[in-house]
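Next comes query.cif, with mmCIF, C-alpha atoms.
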data_protein
#
loop_
_atom_site.label_atom_id
_atom_site.label_comp_id
_atom_site.auth_asym_id
_atom_site.auth_seq_id
_atom_site.Cartn_x
_atom_site.Cartn_y
_atom_site.Cartn_z
CA MET A 1280 -2.60 22.30 9.17
CA SER A 1281 -6.34 21.90 9.04
CA GLN A 1282 -7.67 19.05 11.16
CA PRO A 1283 -9.71 16.21 9.64
CA ALA A 1284 -12.74 14.67 11.23
CA ALA A 1285 -12.01 12.56 14.30
CA LEU A 1286 -11.28 8.90 13.77
CA ASN A 1287 -14.30 6.75 14.43
CA GLY A 1288 -13.62 5.36 17.91
CA SER A 1289 -9.82 5.47 17.60
CA ALA A 1290 -7.43 7.47 19.74
CA ALA A 1291 -5.35 10.16 18.07
CA ALA A 1292 -1.76 9.50 17.07
CA THR A 1293 0.91 12.21 17.14
CA VAL A 1294 4.01 12.83 15.07
CA ARG A 1295 7.15 11.50 16.78
CA THR A 1296 9.86 12.32 14.21
CA ARG A 1297 10.10 13.94 10.79
CA VAL A 1298 13.28 13.46 8.79
CA ARG A 1299 14.18 14.06 5.14
CA VAL A 1300 15.49 10.99 3.29
CA PRO A 1301 16.71 10.88 -0.34
CA LEU A 1302 15.48 7.74 -2.13
CA ARG A 1303 16.93 5.88 -5.09
CA PHE A 1304 15.24 2.85 -6.65
CA PRO A 1305 17.02 -0.01 -8.49
CA ASP A 1306 16.07 1.41 -11.90
CA GLY A 1307 17.72 4.72 -11.03
CA TYR A 1308 14.59 6.73 -10.21
CA GLU A 1309 15.27 9.23 -7.42
CA THR A 1310 13.03 11.29 -5.17
CA VAL A 1311 13.09 12.81 -1.69
CA ALA A 1312 10.75 11.82 1.13
CA ASP A 1313 9.83 13.51 4.39
CA VAL A 1314 9.54 10.41 6.58
CA PHE A 1315 7.28 10.58 9.62
CA THR A 1316 7.17 8.28 12.64
CA PHE A 1317 4.39 8.34 15.23
CA HIS A 1318 3.35 7.87 18.82
CA GLY A 1319 0.05 6.20 19.66
CA LEU A 1320 -0.65 4.02 16.64
CA ALA A 1321 -3.42 1.55 17.42
CA ASP A 1322 -1.49 -1.64 16.71
CA GLY A 1323 1.83 -0.51 18.20
CA LYS A 1324 3.74 -1.23 14.97
CA GLU A 1325 6.42 0.96 13.38
CA HIS A 1326 4.47 2.19 10.35
CA LEU A 1327 5.86 5.06 8.27
CA LEU A 1328 4.31 7.95 6.36
CA LEU A 1329 6.37 9.36 3.51
CA GLY A 1330 5.50 12.83 2.27
CA LEU A 1331 6.46 13.02 -1.41
CA GLY A 1332 6.52 15.88 -3.87
CA ASP A 1333 4.69 19.05 -2.84
CA TRP A 1334 2.77 17.20 -0.14
CA GLU A 1335 2.16 20.33 1.94
CA ALA A 1336 0.16 21.96 -0.86
CA HIS A 1337 -3.03 20.28 0.36
CA ASP A 1338 -2.99 22.63 3.33
CA ALA A 1339 -2.45 25.92 1.52
CA ALA A 1340 -4.35 25.27 -1.72
CA ALA A 1341 -7.04 22.86 -0.51
CA ALA A 1342 -5.76 20.29 -3.02
CA VAL A 1343 -6.51 16.66 -2.27
CA PRO A 1344 -3.30 14.63 -1.81
CA LEU A 1345 -2.66 11.37 -3.64
CA VAL A 1346 -2.23 8.61 -1.06
CA ARG A 1347 -1.17 4.98 -1.31
CA PRO A 1348 -1.33 2.63 1.69
CA HIS A 1349 1.34 0.05 0.79
CA SER A 1350 1.66 -3.14 2.80
CA GLU A 1351 5.22 -4.19 3.48
CA CYS A 1352 6.42 -7.07 1.30
CA LEU A 1353 10.01 -8.09 2.01
CA THR A 1354 10.13 -10.57 -0.85
CA GLY A 1355 8.74 -8.13 -3.41
CA ASP A 1356 9.91 -4.73 -2.16
CA VAL A 1357 13.48 -5.77 -1.27
CA PHE A 1358 14.31 -8.95 -3.18
CA GLY A 1359 12.30 -8.29 -6.33
CA SER A 1360 10.12 -11.38 -6.13
CA GLN A 1361 7.89 -11.81 -9.16
CA ARG A 1362 5.33 -13.94 -7.32
CA CYS A 1363 3.49 -10.69 -6.52
CA ASP A 1364 3.32 -7.15 -7.89
CA CYS A 1365 4.35 -5.39 -4.67
CA GLY A 1366 7.78 -4.14 -5.75
CA PRO A 1367 6.56 -2.56 -8.99
CA GLN A 1368 3.54 -1.11 -7.16
CA LEU A 1369 5.84 0.55 -4.62
CA ARG A 1370 8.08 1.95 -7.34
CA GLU A 1371 5.11 3.25 -9.35
CA ALA A 1372 3.54 4.84 -6.28
CA ALA A 1373 6.73 6.71 -5.36
CA GLU A 1374 6.90 8.40 -8.75
CA ARG A 1375 3.20 9.12 -9.14
CA ILE A 1376 2.86 10.56 -5.65
CA THR A 1377 6.01 12.66 -6.10
CA GLU A 1378 4.49 14.14 -9.26
CA ALA A 1379 1.08 14.80 -7.72
CA GLY A 1380 2.06 15.59 -4.13
CA GLY A 1381 0.88 13.31 -1.37
CA PHE A 1382 1.73 10.43 0.90
CA LEU A 1383 2.99 6.88 0.75
CA LEU A 1384 2.00 4.94 3.87
CA TYR A 1385 4.39 2.04 4.42
CA LEU A 1386 2.44 -0.37 6.60
CA ARG A 1387 4.13 -3.20 8.50
CA GLN A 1388 1.57 -5.88 7.70
CA GLU A 1389 3.41 -8.51 5.70
CA GLY A 1390 1.41 -11.15 3.86
CA ARG A 1391 -1.95 -9.40 4.23
CA GLY A 1392 -1.27 -9.21 7.94
CA ILE A 1393 -0.30 -12.84 8.59
CA GLY A 1394 3.47 -12.29 8.80
CA LEU A 1395 6.50 -13.23 6.73
CA TYR A 1396 6.88 -16.87 7.76
CA SER A 1397 3.17 -17.56 7.30
CA LYS A 1398 3.27 -15.86 3.91
CA LEU A 1399 6.04 -18.21 2.81
CA ASP A 1400 4.06 -21.16 4.17
CA ALA A 1401 1.16 -19.90 2.05
CA TYR A 1402 3.45 -19.85 -1.00
CA ALA A 1403 4.11 -23.56 -0.49
CA LEU A 1404 0.37 -24.22 -0.44
CA GLN A 1405 -0.07 -22.13 -3.58
CA ASP A 1406 2.54 -24.31 -5.28
CA ALA A 1407 0.30 -27.24 -4.39
CA GLY A 1408 -2.69 -25.64 -6.13
CA LEU A 1409 -4.41 -23.25 -3.71
CA ASP A 1410 -4.88 -19.60 -4.57
CA THR A 1411 -3.54 -16.82 -2.35
CA TYR A 1412 -6.75 -16.54 -0.30
CA GLU A 1413 -7.34 -20.28 0.04
CA ALA A 1414 -3.75 -20.71 1.27
CA ASN A 1415 -4.23 -18.13 4.04
CA THR A 1416 -7.39 -19.79 5.32
CA ALA A 1417 -5.82 -23.25 5.10
CA LEU A 1418 -3.20 -21.98 7.55
CA GLY A 1419 -5.89 -20.84 9.98
CA HIS A 1420 -5.73 -17.15 9.08
CA GLY A 1421 -8.29 -14.82 7.58
CA GLU A 1422 -8.18 -14.22 3.85
CA ASP A 1423 -6.94 -10.69 4.57
CA GLU A 1424 -6.15 -9.64 8.13
CA ARG A 1425 -5.04 -6.08 7.35
CA ASP A 1426 -6.50 -3.23 9.39
CA TYR A 1427 -6.10 0.36 8.22
CA THR A 1428 -6.75 2.08 11.55
CA ALA A 1429 -3.10 3.09 11.86
CA ALA A 1430 -3.17 4.45 8.31
CA ALA A 1431 -6.11 6.67 9.18
CA GLN A 1432 -4.38 7.77 12.40
CA MET A 1433 -1.24 8.78 10.51
CA LEU A 1434 -3.20 10.80 7.99
CA ALA A 1435 -5.08 12.54 10.79
CA ALA A 1436 -1.82 13.32 12.58
CA VAL A 1437 -0.55 15.27 9.55
CA GLY A 1438 -3.87 17.04 9.06
CA VAL A 1439 -5.29 15.05 6.17
CA GLY A 1440 -8.93 14.01 6.15
CA ARG A 1441 -9.65 13.82 2.41
CA ILE A 1442 -7.58 11.89 -0.12
CA ARG A 1443 -7.26 10.56 -3.63
CA LEU A 1444 -6.62 6.87 -3.04
CA LEU A 1445 -4.04 5.18 -5.27
CA SER A 1446 -5.20 1.57 -5.09
CA ASN A 1447 -7.00 -1.19 -6.96
CA ASN A 1448 -8.33 -2.65 -3.71
CA PRO A 1449 -11.90 -1.68 -2.75
CA ASP A 1450 -11.35 -2.86 0.84
CA LYS A 1451 -8.81 -0.10 1.44
CA ALA A 1452 -11.32 2.52 0.38
CA GLY A 1453 -14.09 0.97 2.46
CA GLN A 1454 -12.03 0.72 5.63
CA LEU A 1455 -10.63 4.24 5.35
CA GLU A 1456 -14.09 5.70 4.75
CA ARG A 1457 -15.41 3.90 7.85
CA LEU A 1458 -12.49 5.33 9.81
CA GLY A 1459 -13.42 8.88 8.84
CA VAL A 1460 -11.08 9.45 5.87
CA ALA A 1461 -13.01 10.81 2.90
CA VAL A 1462 -11.96 9.14 -0.35
CA ALA A 1463 -12.60 11.81 -2.97
CA GLU A 1464 -11.37 9.61 -5.82
CA ARG A 1465 -10.09 6.09 -6.35
CA VAL A 1466 -7.11 6.16 -8.69
CA PRO A 1467 -6.12 2.76 -10.15
CA THR A 1468 -2.51 1.68 -10.29
CA GLY A 1469 -0.85 0.12 -13.28
CA VAL A 1470 -1.09 -3.63 -13.89
CA HIS A 1471 2.31 -5.23 -13.30
CA VAL A 1472 1.82 -8.71 -14.67
CA SER A 1473 4.36 -11.44 -15.35
CA GLU A 1474 4.22 -15.16 -15.95
CA SER A 1475 4.97 -15.72 -12.27
CA ASN A 1476 2.22 -13.53 -10.81
CA VAL A 1477 -0.67 -13.78 -13.26
CA ARG A 1478 -2.55 -16.36 -11.16
CA TYR A 1479 -2.06 -14.21 -8.06
CA LEU A 1480 -3.42 -11.11 -9.83
CA ALA A 1481 -6.35 -13.05 -11.26
CA ALA A 1482 -7.29 -14.23 -7.75
CA LYS A 1483 -7.29 -10.64 -6.50
CA ARG A 1484 -9.43 -9.56 -9.44
CA ASP A 1485 -11.92 -12.43 -9.19
CA HIS A 1486 -12.11 -12.99 -5.43
CA THR A 1487 -11.90 -9.50 -3.96
CA SER A 1488 -12.89 -7.30 -6.92
CA HIS A 1489 -9.56 -5.56 -7.41
CA SER A 1490 -9.68 -3.30 -10.47
CA ILE A 1491 -7.11 -5.24 -12.51
CA ASP A 1492 -7.52 -5.55 -16.28
CA LEU A 1493 -5.25 -8.47 -17.10
CA ASP A 1494 -6.50 -8.83 -20.67
CA ALA A 1495 -5.61 -5.24 -21.48
CA ALA A 1496 -2.21 -5.61 -19.80
CA PHE A 1497 -1.33 -8.65 -21.88
CA SER A 1498 -2.57 -7.04 -25.10
CA LEU A 1499 -0.23 -4.10 -24.46
CA GLY A 1500 2.66 -6.36 -23.54
CA VAL A 1501 2.78 -4.94 -20.02
CA THR A 1502 5.00 -6.87 -17.61
CA ALA A 1503 6.56 -6.33 -14.22
#
Let me see the structure of the file written as structure tokens.
Amino acid sequence: MSQPAALNGSAAATVRTRVRVPLRFPDGYETVADVFTFHGLADGKEHLLLGLGDWEAHDAAAAVPLVRPHSECLTGDVFGSQRCDCGPQLREAAERITEAGGFLLYLRQEGRGIGLYSKLDAYALQDAGLDTYEANTALGHGEDERDYTAAAQMLAAVGVGRIRLLSNNPDKAGQLERLGVAVAERVPTGVHVSESNVRYLAAKRDHTSHSIDLDAAFSLGVTA
């Protein structure tokens, strides 16, 4: 594989294991992932890179892979919580990346990096009236403590230095660019809105400039 530009100030990670895993989602959608683990990730966590679809085509045909960095969300990804849009985002990403060829980065940074228990504490504060960012800071955390150094390391380890980024979050693009990953295009995800998460999505749109068109989603009857 061709080698991307060196990470800005970060040591290189190397592939530890590659294993093929068939996936099946609750709605019946199926795909197959080449799952990579790594040595040398900056934060020492067990992040995963899933190669989906014809992900190796970027090497032979100079195509730019579609990539989604997805932050782990136990409540949304596993239990189907409707307080966020994480589960539907993960499901959407798996299908879109399979069709286009690329990578799903499953990042172990629950609750914007504050952890599962703290995220649930933040939920309690949200029930008392705070938004998702205010709740994090009220607990003594940053609004968003996620760091995408490991994501950039994983991409570099599989020879990817230029991507199409599947995300509504401008911070992901900014961090990856600063880490030496060229974002050729920002591709928005769908808007997975429900009565239970609309305030959460509005806070992301208004506070951190996520590209989320809630008005259009409601006019089309789009829900999670």
### Task
Quote the spacing between atom CA of Arg1362 of chain A and atom CA of Leu1404 of chain A in Å to one decimal place.
13.3 Å
### Message
So that I can check the surroundings of Val1300 of chain A, please list as a list in words every protein, DNA and RNA residue that reaches within 10 Å of it, counting only C-alpha atoms and ignoring chain neighbours fewer than 4 positions away.
### Response
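The contact residues come out as Thr1310, Val1311, Ala1312, Asp1313, Val1314 and Leu1329 of chain A.
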### Task
Please measure the separation of atom CA of Arg1295 of chain A and atom CA of Thr1354 of chain A, giving the value in Å to one decimal.
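It comes out at 28.4 Å.
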### Message
Since I can't run it myself right now, could you work out what the PyMOL selection byres ((chain A and resi 1325) around 10) selects here and report it as number ranges by chain?
### Response
A: 1316-1318, 1320, 1322-1324, 1326-1327, 1385-1387, 1429
### Message
From the options A:Gln1405, A:Ala1372, A:Val1437, A:Val1346, which residue's atoms come nearest to Arg1297 of chain A, counting only C-alpha atoms?
### Response
A:Val1437
### Query
Of the candidates A:Asp1426, A:Val1466, A:Val1357, A:Gly1459, which shows the shortest atom-to-atom distance to Ile1376 of chain A, using only C-alpha atoms?
A:Val1466
Edge lengths and centre, in Å to one decimal, as JSON: that's what I need for the box along x, y and z that holds all listed atoms of segment 1434-1442 of chain A plus 4 Å on each side.
{"center_x": -5.1, "center_y": 13.9, "center_z": 6.2, "size_x": 17.1, "size_y": 14.2, "size_z": 20.7}
### Query
So what do you get for atom CA of Ala1417 of chain A versus atom CA of Pro1367 of chain A, distance-wise?
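Atom-to-atom, atom CA of Ala1417 of chain A and atom CA of Pro1367 of chain A are spaced 27.9 Å apart.
Shortest separation to Val1462 of chain A among A:Gly1408, A:Gly1438, A:Gly1355, A:Pro1344 occurs at residue A:Pro1344, atoms counted being all atoms listed in the file.
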### Query
What do you get, as a PyMOL selection string, if you spell out every residue that the PyMOL selection byres ((chain A and resi 1461) around 7) selects here?
chain A and resi 1440-1442+1456+1459-1460+1462-1463
### Query
For Thr1411 of chain A, which residue among A:Ala1321, A:Phe1382, A:Cys1363, A:Leu1353 is the nearest when counting only C-alpha atoms?
A:Cys1363
Leaving out Tyr1396 of chain A and any residue of its chain fewer than 5 positions from it, which residues lie within 12 Å of it when counting all atoms listed in the file, given as a PDB file with C-alpha atoms, in the coordinates of the input?
ATOM      1  CA  CYS A1352       6.420  -7.070   1.300  1.00  0.00           C
ATOM      2  CA  LEU A1353      10.010  -8.090   2.010  1.00  0.00           C
ATOM      3  CA  THR A1354      10.130 -10.570  -0.850  1.00  0.00           C
ATOM      4  CA  GLU A1389       3.410  -8.510   5.700  1.00  0.00           C
ATOM      5  CA  GLY A1390       1.410 -11.150   3.860  1.00  0.00           C
ATOM      6  CA  ALA A1401       1.160 -19.900   2.050  1.00  0.00           C
ATOM      7  CA  TYR A1402       3.450 -19.850  -1.000  1.00  0.00           C
ATOM      8  CA  ALA A1403       4.110 -23.560  -0.490  1.00  0.00           C
ATOM      9  CA  ASN A1415      -4.230 -18.130   4.040  1.00  0.00           C
ATOM     10  CA  LEU A1418      -3.200 -21.980   7.550  1.00  0.00           C
TER      11      LEU A1418
END
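Counting only C-alpha atoms, the residue from A:Leu1458, A:Thr1377, A:Arg1465, A:Thr1296 that sits nearest to Gln1432 of chain A is A:Leu1458.
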If the PyMOL selection byres ((chain A and resi 1373) around 12) were run on this exact file, what residues would it hold? Put them as an mmCIF file with C-alpha atoms, in the coordinates of the input.
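The result, written out as selection-v1.cif:
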data_model
loop_
_atom_site.group_PDB
_atom_site.id
_atom_site.type_symbol
_atom_site.label_atom_id
_atom_site.label_comp_id
_atom_site.auth_asym_id
_atom_site.auth_seq_id
_atom_site.Cartn_x
_atom_site.Cartn_y
_atom_site.Cartn_z
ATOM 1 C CA PRO A 1301 16.710 10.880 -0.340
ATOM 2 C CA LEU A 1302 15.480 7.740 -2.130
ATOM 3 C CA ARG A 1303 16.930 5.880 -5.090
ATOM 4 C CA PHE A 1304 15.240 2.850 -6.650
ATOM 5 C CA TYR A 1308 14.590 6.730 -10.210
ATOM 6 C CA GLU A 1309 15.270 9.230 -7.420
ATOM 7 C CA THR A 1310 13.030 11.290 -5.170
ATOM 8 C CA VAL A 1311 13.090 12.810 -1.690
ATOM 9 C CA ALA A 1312 10.750 11.820 1.130
ATOM 10 C CA LEU A 1329 6.370 9.360 3.510
ATOM 11 C CA GLY A 1330 5.500 12.830 2.270
ATOM 12 C CA LEU A 1331 6.460 13.020 -1.410
ATOM 13 C CA GLY A 1332 6.520 15.880 -3.870
ATOM 14 C CA LEU A 1345 -2.660 11.370 -3.640
ATOM 15 C CA VAL A 1346 -2.230 8.610 -1.060
ATOM 16 C CA ARG A 1347 -1.170 4.980 -1.310
ATOM 17 C CA PRO A 1348 -1.330 2.630 1.690
ATOM 18 C CA HIS A 1349 1.340 0.050 0.790
ATOM 19 C CA GLY A 1366 7.780 -4.140 -5.750
ATOM 20 C CA PRO A 1367 6.560 -2.560 -8.990
ATOM 21 C CA GLN A 1368 3.540 -1.110 -7.160
ATOM 22 C CA LEU A 1369 5.840 0.550 -4.620
ATOM 23 C CA ARG A 1370 8.080 1.950 -7.340
ATOM 24 C CA GLU A 1371 5.110 3.250 -9.350
ATOM 25 C CA ALA A 1372 3.540 4.840 -6.280
ATOM 26 C CA GLU A 1374 6.900 8.400 -8.750
ATOM 27 C CA ARG A 1375 3.200 9.120 -9.140
ATOM 28 C CA ILE A 1376 2.860 10.560 -5.650
ATOM 29 C CA THR A 1377 6.010 12.660 -6.100
ATOM 30 C CA GLU A 1378 4.490 14.140 -9.260
ATOM 31 C CA ALA A 1379 1.080 14.800 -7.720
ATOM 32 C CA GLY A 1380 2.060 15.590 -4.130
ATOM 33 C CA GLY A 1381 0.880 13.310 -1.370
ATOM 34 C CA PHE A 1382 1.730 10.430 0.900
ATOM 35 C CA LEU A 1383 2.990 6.880 0.750
ATOM 36 C CA LEU A 1384 2.000 4.940 3.870
ATOM 37 C CA TYR A 1385 4.390 2.040 4.420
ATOM 38 C CA LEU A 1445 -4.040 5.180 -5.270
ATOM 39 C CA THR A 1468 -2.510 1.680 -10.290
#
### Message
I'd like to know which of A:Val1439, A:Ile1393, A:Ala1291, A:Ala1407 is closest to Glu1335 of chain A, using all atoms listed in the file.
### Response
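Distance minimum relative to Glu1335 of chain A lands on A:Val1439.
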Final N, CA and C atoms of segment 1391-1413 of chain A as a PDB file, in the coordinates of the input:
ATOM      1  N   ARG A1391      -0.572  -9.756   3.862  1.00  0.00           N
ATOM      2  CA  ARG A1391      -1.950  -9.400   4.230  1.00  0.00           C
ATOM      3  C   ARG A1391      -2.178  -9.527   5.738  1.00  0.00           C
ATOM      4  N   GLY A1392      -1.128  -9.236   6.494  1.00  0.00           N
ATOM      5  CA  GLY A1392      -1.270  -9.210   7.940  1.00  0.00           C
ATOM      6  C   GLY A1392      -0.939 -10.493   8.654  1.00  0.00           C
ATOM      7  N   ILE A1393      -0.543 -11.563   7.918  1.00  0.00           N
ATOM      8  CA  ILE A1393      -0.300 -12.840   8.590  1.00  0.00           C
ATOM      9  C   ILE A1393       1.171 -13.051   8.942  1.00  0.00           C
ATOM     10  N   GLY A1394       2.063 -12.181   8.464  1.00  0.00           N
ATOM     11  CA  GLY A1394       3.470 -12.290   8.800  1.00  0.00           C
ATOM     12  C   GLY A1394       4.292 -12.960   7.713  1.00  0.00           C
ATOM     13  N   LEU A1395       5.600 -12.759   7.787  1.00  0.00           N
ATOM     14  CA  LEU A1395       6.500 -13.230   6.730  1.00  0.00           C
ATOM     15  C   LEU A1395       6.560 -14.746   6.661  1.00  0.00           C
ATOM     16  N   TYR A1396       6.772 -15.417   7.799  1.00  0.00           N
ATOM     17  CA  TYR A1396       6.880 -16.870   7.760  1.00  0.00           C
ATOM     18  C   TYR A1396       5.585 -17.505   7.259  1.00  0.00           C
ATOM     19  N   SER A1397       4.453 -17.005   7.751  1.00  0.00           N
ATOM     20  CA  SER A1397       3.170 -17.560   7.300  1.00  0.00           C
ATOM     21  C   SER A1397       2.946 -17.296   5.820  1.00  0.00           C
ATOM     22  N   LYS A1398       3.410 -16.147   5.339  1.00  0.00           N
ATOM     23  CA  LYS A1398       3.270 -15.860   3.910  1.00  0.00           C
ATOM     24  C   LYS A1398       4.048 -16.882   3.085  1.00  0.00           C
ATOM     25  N   LEU A1399       5.251 -17.219   3.536  1.00  0.00           N
ATOM     26  CA  LEU A1399       6.040 -18.210   2.810  1.00  0.00           C
ATOM     27  C   LEU A1399       5.427 -19.602   2.918  1.00  0.00           C
ATOM     28  N   ASP A1400       4.815 -19.898   4.065  1.00  0.00           N
ATOM     29  CA  ASP A1400       4.060 -21.160   4.170  1.00  0.00           C
ATOM     30  C   ASP A1400       2.911 -21.169   3.164  1.00  0.00           C
ATOM     31  N   ALA A1401       2.261 -20.006   3.013  1.00  0.00           N
ATOM     32  CA  ALA A1401       1.160 -19.900   2.050  1.00  0.00           C
ATOM     33  C   ALA A1401       1.666 -20.094   0.622  1.00  0.00           C
ATOM     34  N   TYR A1402       2.873 -19.626   0.325  1.00  0.00           N
ATOM     35  CA  TYR A1402       3.450 -19.850  -1.000  1.00  0.00           C
ATOM     36  C   TYR A1402       3.550 -21.352  -1.297  1.00  0.00           C
ATOM     37  N   ALA A1403       3.983 -22.115  -0.285  1.00  0.00           N
ATOM     38  CA  ALA A1403       4.110 -23.560  -0.490  1.00  0.00           C
ATOM     39  C   ALA A1403       2.754 -24.180  -0.825  1.00  0.00           C
ATOM     40  N   LEU A1404       1.708 -23.711  -0.157  1.00  0.00           N
ATOM     41  CA  LEU A1404       0.370 -24.220  -0.440  1.00  0.00           C
ATOM     42  C   LEU A1404      -0.114 -23.771  -1.822  1.00  0.00           C
ATOM     43  N   GLN A1405       0.279 -22.578  -2.233  1.00  0.00           N
ATOM     44  CA  GLN A1405      -0.070 -22.130  -3.580  1.00  0.00           C
ATOM     45  C   GLN A1405       0.614 -22.997  -4.629  1.00  0.00           C
ATOM     46  N   ASP A1406       1.847 -23.415  -4.352  1.00  0.00           N
ATOM     47  CA  ASP A1406       2.540 -24.310  -5.280  1.00  0.00           C
ATOM     48  C   ASP A1406       1.828 -25.650  -5.407  1.00  0.00           C
ATOM     49  N   ALA A1407       1.056 -25.988  -4.359  1.00  0.00           N
ATOM     50  CA  ALA A1407       0.300 -27.240  -4.390  1.00  0.00           C
ATOM     51  C   ALA A1407      -1.089 -27.072  -4.993  1.00  0.00           C
ATOM     52  N   GLY A1408      -1.440 -25.840  -5.412  1.00  0.00           N
ATOM     53  CA  GLY A1408      -2.690 -25.640  -6.130  1.00  0.00           C
ATOM     54  C   GLY A1408      -3.666 -24.653  -5.549  1.00  0.00           C
ATOM     55  N   LEU A1409      -3.474 -24.209  -4.299  1.00  0.00           N
ATOM     56  CA  LEU A1409      -4.410 -23.250  -3.710  1.00  0.00           C
ATOM     57  C   LEU A1409      -4.120 -21.848  -4.236  1.00  0.00           C
ATOM     58  N   ASP A1410      -5.142 -20.996  -4.231  1.00  0.00           N
ATOM     59  CA  ASP A1410      -4.880 -19.600  -4.570  1.00  0.00           C
ATOM     60  C   ASP A1410      -4.440 -18.853  -3.309  1.00  0.00           C
ATOM     61  N   THR A1411      -4.118 -17.583  -3.449  1.00  0.00           N
ATOM     62  CA  THR A1411      -3.540 -16.820  -2.350  1.00  0.00           C
ATOM     63  C   THR A1411      -4.487 -16.707  -1.151  1.00  0.00           C
ATOM     64  N   TYR A1412      -5.788 -16.650  -1.396  1.00  0.00           N
ATOM     65  CA  TYR A1412      -6.750 -16.540  -0.300  1.00  0.00           C
ATOM     66  C   TYR A1412      -7.005 -17.901   0.345  1.00  0.00           C
ATOM     67  N   GLU A1413      -7.133 -18.927  -0.476  1.00  0.00           N
ATOM     68  CA  GLU A1413      -7.340 -20.280   0.040  1.00  0.00           C
ATOM     69  C   GLU A1413      -6.155 -20.710   0.912  1.00  0.00           C
TER      70      GLU A1413
END
